[in-house]
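What follows is the content of work-v3.txt, which has compact mmCIF, C-alpha atoms:
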```
# COMPACT_ATOMS: atom_id res chain seq x y z
CA MET A 20 28.11 42.78 62.23
CA LYS A 21 31.28 41.74 60.62
CA ILE A 22 30.99 39.09 57.92
CA SER A 23 33.98 36.83 57.87
CA ARG A 24 35.58 35.68 54.65
CA PRO A 25 34.49 32.11 53.67
CA SER A 26 37.06 29.45 54.12
CA PRO A 27 38.62 27.75 51.06
CA SER A 28 36.74 24.56 51.86
CA MET A 29 33.44 26.49 51.89
CA VAL A 30 34.23 28.01 48.48
CA VAL A 31 34.96 24.60 47.03
CA ALA A 32 31.75 23.20 48.46
CA GLY A 33 29.71 26.08 47.02
CA ILE A 34 31.21 25.61 43.57
CA ALA A 35 30.45 21.89 43.70
CA LEU A 36 26.82 22.59 44.67
CA PHE A 37 26.42 25.12 41.85
CA VAL A 38 27.83 22.71 39.27
CA SER A 39 25.62 19.86 40.46
CA LEU A 40 22.48 22.02 40.31
CA GLY A 41 23.44 23.33 36.90
CA GLY A 42 24.01 19.81 35.66
CA THR A 43 20.57 18.76 36.85
CA SER A 44 18.96 21.70 35.09
CA MET A 45 20.80 20.98 31.87
CA ALA A 46 19.76 17.33 32.06
CA ALA A 47 16.14 18.35 32.53
CA VAL A 48 16.26 20.71 29.54
CA ASN A 49 17.98 18.06 27.44
CA TYR A 50 15.38 15.44 28.42
CA ALA A 51 12.50 17.77 27.56
CA SER A 52 13.96 18.57 24.14
CA ARG A 53 14.38 14.85 23.38
CA ALA A 54 11.18 13.55 24.99
CA GLY A 55 9.94 12.24 21.63
CA SER A 56 13.16 10.46 20.80
CA VAL A 57 14.76 7.11 21.46
CA ASP A 58 18.53 6.80 21.01
CA GLY A 59 18.47 10.35 19.63
CA LYS A 60 16.12 9.49 16.71
CA SER A 61 12.93 11.56 16.53
CA ALA A 62 9.71 9.62 15.95
CA VAL A 63 7.26 10.37 13.13
CA TYR A 64 3.55 9.57 13.05
CA SER A 65 2.22 6.49 11.29
CA GLY A 66 0.91 8.46 8.32
CA ALA A 67 4.26 10.04 7.46
CA SER A 68 5.85 9.52 4.06
CA LEU A 69 8.85 7.24 3.58
CA SER A 70 11.01 10.30 2.93
CA SER A 71 9.93 11.94 6.19
CA ALA A 72 10.50 8.70 8.12
CA ALA A 73 13.98 8.02 6.72
CA GLY A 74 16.44 7.54 9.59
CA LYS A 75 13.75 8.02 12.25
CA LEU A 76 11.49 5.92 14.42
CA VAL A 77 7.86 5.37 13.36
CA ALA A 78 4.92 5.39 15.77
CA THR A 79 2.21 2.73 15.65
CA GLU A 80 -1.37 3.52 14.63
CA ARG A 81 -3.25 5.43 17.35
CA SER A 82 -6.76 4.25 16.41
CA GLY A 83 -8.80 2.21 13.95
CA ASP A 84 -8.59 -1.45 13.00
CA HIS A 85 -4.77 -1.38 13.12
CA LYS A 86 -4.45 0.39 16.48
CA GLY A 87 -1.08 -0.32 18.07
CA ARG A 88 0.38 -1.77 14.84
CA LEU A 89 3.12 -0.50 12.56
CA PRO A 90 1.95 0.32 9.01
CA GLY A 91 3.21 -2.25 6.50
CA LYS A 92 4.72 0.35 4.16
CA PHE A 93 7.54 0.92 6.64
CA VAL A 94 8.59 -2.76 6.70
CA ALA A 95 10.88 -3.91 3.86
CA GLY A 96 10.85 -7.32 2.19
CA VAL A 97 7.27 -8.28 3.06
CA PRO A 98 4.16 -8.11 0.82
CA LYS A 99 1.88 -5.10 1.12
CA SER A 100 -1.70 -6.22 0.49
CA LYS A 101 -4.52 -4.18 -1.09
CA PRO A 102 -7.99 -5.73 -1.57
CA PHE A 103 -10.36 -4.73 -4.38
CA THR A 104 -14.00 -5.37 -5.34
CA ALA A 105 -16.12 -4.24 -8.29
CA VAL A 106 -19.76 -5.06 -9.08
CA THR A 107 -20.84 -3.85 -12.53
CA ASP A 108 -24.19 -4.15 -14.36
CA VAL A 109 -24.02 -5.33 -17.96
CA ALA A 110 -24.86 -2.73 -20.63
CA ASP A 111 -27.23 -4.61 -22.93
CA ASN A 112 -25.65 -5.05 -26.37
CA ALA A 113 -23.01 -2.43 -25.55
CA SER A 114 -19.38 -2.20 -24.51
CA GLY A 115 -18.78 -1.79 -20.80
CA VAL A 116 -16.96 1.09 -19.12
CA ALA A 117 -13.62 0.40 -17.42
CA ARG A 118 -13.78 0.52 -13.64
CA PRO A 119 -10.60 1.03 -11.57
CA LEU A 120 -9.72 -1.89 -9.29
CA ALA A 121 -6.31 -1.09 -7.83
CA THR A 122 -2.98 0.65 -8.34
CA LEU A 123 0.08 -1.55 -8.77
CA GLY A 124 2.70 0.69 -7.18
CA GLY A 125 5.34 1.70 -9.71
CA PHE A 126 3.80 -0.39 -12.50
CA GLY A 127 0.40 1.00 -13.41
CA THR A 128 -3.28 0.38 -12.81
CA LEU A 129 -5.72 -2.52 -12.82
CA GLU A 130 -9.21 -2.16 -14.30
CA ALA A 131 -12.29 -4.31 -14.82
CA VAL A 132 -14.65 -4.15 -17.80
CA CYS A 133 -18.02 -5.93 -17.96
CA ASN A 134 -19.20 -6.63 -21.52
CA ASP A 135 -22.22 -8.33 -23.10
CA GLN A 136 -21.39 -11.29 -25.35
CA ALA A 137 -25.01 -11.93 -26.45
CA GLY A 138 -26.49 -10.34 -29.55
CA ALA A 139 -30.13 -10.59 -28.55
CA ALA A 140 -31.71 -7.67 -26.72
CA GLY A 141 -32.79 -8.39 -23.18
CA ARG A 142 -30.72 -11.58 -22.93
CA GLU A 143 -27.33 -10.59 -21.56
CA ASP A 144 -24.29 -12.86 -21.43
CA PRO A 145 -21.63 -11.13 -19.26
CA ILE A 146 -17.88 -11.51 -19.69
CA SER A 147 -15.31 -9.86 -17.44
CA SER A 148 -12.06 -8.37 -18.73
CA ILE A 149 -9.29 -7.65 -16.23
CA VAL A 150 -6.90 -5.10 -17.72
CA PHE A 151 -3.37 -4.17 -16.59
CA ASN A 152 -2.37 -0.74 -17.88
CA ASN A 153 1.43 -0.29 -17.87
CA THR A 154 2.30 3.32 -16.97
CA SER A 155 5.73 2.58 -15.49
CA GLY A 156 7.65 4.17 -18.35
CA VAL A 157 9.52 0.94 -19.16
CA PRO A 158 8.68 -2.59 -20.36
CA VAL A 159 7.75 -5.06 -17.59
CA ASN A 160 7.28 -8.82 -17.42
CA VAL A 161 3.68 -10.00 -17.19
CA ALA A 162 2.42 -13.52 -16.46
CA ARG A 163 -1.32 -14.20 -16.44
CA ARG A 164 -3.51 -17.19 -15.82
CA VAL A 165 -7.23 -17.98 -15.76
CA GLY A 166 -8.18 -20.97 -13.65
CA VAL A 167 -5.46 -23.62 -13.35
CA SER A 168 -4.36 -24.25 -16.93
CA ASP A 169 -4.81 -21.24 -19.22
CA GLY A 170 -1.57 -19.27 -18.74
CA ALA A 171 0.59 -16.89 -20.76
CA VAL A 172 3.85 -14.99 -20.24
CA SER A 173 4.84 -11.83 -22.12
CA VAL A 174 6.59 -8.47 -21.95
CA ALA A 175 4.27 -5.48 -21.69
CA ALA A 176 5.67 -2.35 -23.31
CA ASN A 177 5.09 1.00 -21.65
CA ALA A 178 1.65 2.55 -22.29
CA THR A 179 0.14 -0.80 -23.36
CA ARG A 180 -2.80 -2.74 -21.92
CA THR A 181 -2.70 -6.44 -21.06
CA ASN A 182 -6.12 -8.07 -21.03
CA VAL A 183 -7.37 -11.19 -19.21
CA ALA A 184 -10.85 -12.23 -20.39
CA ILE A 185 -13.04 -14.40 -18.15
CA GLY A 186 -16.33 -15.79 -19.45
CA GLY A 187 -18.47 -17.51 -16.87
CA SER A 188 -16.97 -17.68 -13.38
CA ASN A 189 -13.32 -18.42 -12.69
CA THR A 190 -10.20 -17.41 -10.78
CA PHE A 191 -7.36 -15.38 -12.28
CA THR A 192 -3.75 -14.41 -11.49
CA ILE A 193 -1.67 -11.58 -12.92
CA HIS A 194 2.03 -11.34 -12.00
CA VAL A 195 3.96 -8.19 -12.94
CA GLU A 196 7.73 -7.91 -12.45
CA GLY A 197 10.39 -5.29 -13.11
CA ASN A 198 13.87 -4.83 -11.60
CA GLY A 199 13.10 -7.27 -8.78
CA HIS A 200 9.86 -5.51 -7.84
CA ASN A 201 6.85 -7.84 -7.98
CA ALA A 202 3.10 -7.20 -7.92
CA ILE A 203 0.87 -10.26 -7.76
CA VAL A 204 -2.87 -10.00 -8.36
CA MET A 205 -5.00 -12.92 -7.15
CA GLY A 206 -8.71 -12.70 -7.78
CA ALA A 207 -11.95 -14.16 -9.03
CA ALA A 208 -14.64 -13.12 -11.48
CA ARG A 209 -18.24 -14.24 -11.20
CA GLN A 210 -21.00 -13.55 -13.71
CA GLU A 211 -24.61 -13.31 -12.52
CA GLY A 212 -27.92 -13.27 -14.37
CA THR A 213 -26.78 -14.88 -17.63
CA ASN A 214 -29.57 -14.87 -20.27
CA THR A 215 -31.57 -12.27 -18.36
CA ALA A 216 -31.93 -8.51 -18.71
CA ALA A 217 -30.24 -7.88 -15.35
CA ALA A 218 -26.85 -9.59 -15.64
CA ARG A 219 -23.74 -8.28 -13.91
CA CYS A 220 -20.04 -8.97 -13.37
CA ILE A 221 -18.54 -9.34 -9.90
CA VAL A 222 -14.75 -9.09 -9.57
CA TYR A 223 -12.81 -9.28 -6.32
CA GLY A 224 -9.32 -10.11 -5.10
CA VAL A 225 -6.12 -8.74 -3.60
CA VAL A 226 -2.87 -7.20 -4.82
CA LEU A 227 0.37 -8.26 -3.13
CA ASP A 228 3.11 -5.68 -3.66
CA VAL A 229 6.63 -7.05 -2.93
CA LEU A 230 9.59 -4.66 -3.13
CA PRO A 231 13.13 -6.05 -3.56
```

For this file, produce the structure as structure tokens.
Amino acid sequence: MKISRPSPSMVVAGIALFVSLGGTSMAAVNYASRAGSVDGKSAVYSGASLSSAAGKLVATERSGDHKGRLPGKFVAGVPKSKPFTAVTDVADNASGVARPLATLGGFGTLEAVCNDQAGAAGREDPISSIVFNNTSGVPVNVARRVGVSDGAVSVAANATRTNVAIGGSNTFTIHVEGNGHNAIVMGAARQEGTNTAAARCIVYGVVLDVLP
């Protein structure tokens, strides 16, 4: 059987079909390679670091209490909140041991110490000390207040400790600032079991971290 030579129109039609099929295949490969992207920006998981997420999309939380939500650390200009709680028994006629409360990002740490003010054995009088430890490497501004009237403003040098003492039960605020970065601590201290042998200090609150 003699096979006739294809006509020019048939050749053109075949080339067009080949190109169209090739284009579809390329589109499919391109889609598969960019399936995790939007506008060409690859997504990172919600636990990624800020460096890893730079210039990329961030996925929401897959599970837990914040399921479907974007972690606050990826959103600029809004406070990042961190709660804290510490319950400490008084050491009768002895100095208390510092307990970590929270980390003030870029500034240092917050601690609580529960001391005994009473001199008589078996009759404890607790007092709470909230301590900001500046480990930022530079001086920072610190404002502190107990209750509504007892306030003070100072500059805390690097590697120094700023103390807020609370006898009885009261609220407290510590505001740390440096280069436009603010950390605001709002909390309360409550003393239990005064004049007994089983007194304790209860400290709780929240840290609001606000980046410029």

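Separating CA of Val172 in chain A from CA of His194 in chain A is a distance of 9.2 Å.
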
Using all atoms listed in the file, can you tell me which of A:Ser173, A:Ser68, A:Ser168, A:Ser114 comes closest to Thr190 in chain A?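 Result for the nearest residue to Thr190 in chain A: A:Ser168.
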
Would you list the contacts of Ala67 in chain A as a ChimeraX atom specification, taking every protein, DNA or RNA residue within 12 Å and counting only C-alpha atoms, but skipping same-chain residues closer than 5 positions in sequence? /A:62,72-73,75-80,89-90,92-93

Quick one: distance from CA of Asn160 in chain A to CA of Asn177 in chain A in Å, one decimal? 10.9 Å

Determine, counting all atoms listed in the file, every residue of protein, DNA or RNA that lies within 8 Å of (-12.5, -15.2, -9.6) in the file coordinates, then give the result as number ranges by chain. A: 188-191, 206-209, 222-224

If you count only C-alpha atoms, which residues fall within 12 Å of Arg81 in chain A, apart from same-chain ones fewer than 4 positions away, as a JSON list (two decimals) with C-alpha atoms, in the coordinates of the input?
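Here's the written file selection03.json:
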```json
[["chain", "number", "residue", "atom", "x", "y", "z"],
["A", 64, "TYR", "CA", 3.55, 9.57, 13.05],
["A", 65, "SER", "CA", 2.22, 6.49, 11.29],
["A", 66, "GLY", "CA", 0.91, 8.46, 8.32],
["A", 77, "VAL", "CA", 7.86, 5.37, 13.36],
["A", 85, "HIS", "CA", -4.77, -1.38, 13.12],
["A", 86, "LYS", "CA", -4.45, 0.39, 16.48],
["A", 87, "GLY", "CA", -1.08, -0.32, 18.07],
["A", 88, "ARG", "CA", 0.38, -1.77, 14.84],
["A", 89, "LEU", "CA", 3.12, -0.50, 12.56],
["A", 90, "PRO", "CA", 1.95, 0.32, 9.01]]
```

Option closest in space to Thr107 in chain A, from A:Gly187, A:Pro158, A:Gly125, A:Pro145 [counting all atoms listed in the file]: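 Residue with the minimum atom-to-atom distance to Thr107 in chain A: A:Pro145.
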
Residue nearest Val226 in chain A among A:Pro102, A:Gly199, A:Gly83, A:Gly127 (counting only C-alpha atoms):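 Closest to Val226 in chain A, using only C-alpha atoms: A:Pro102.
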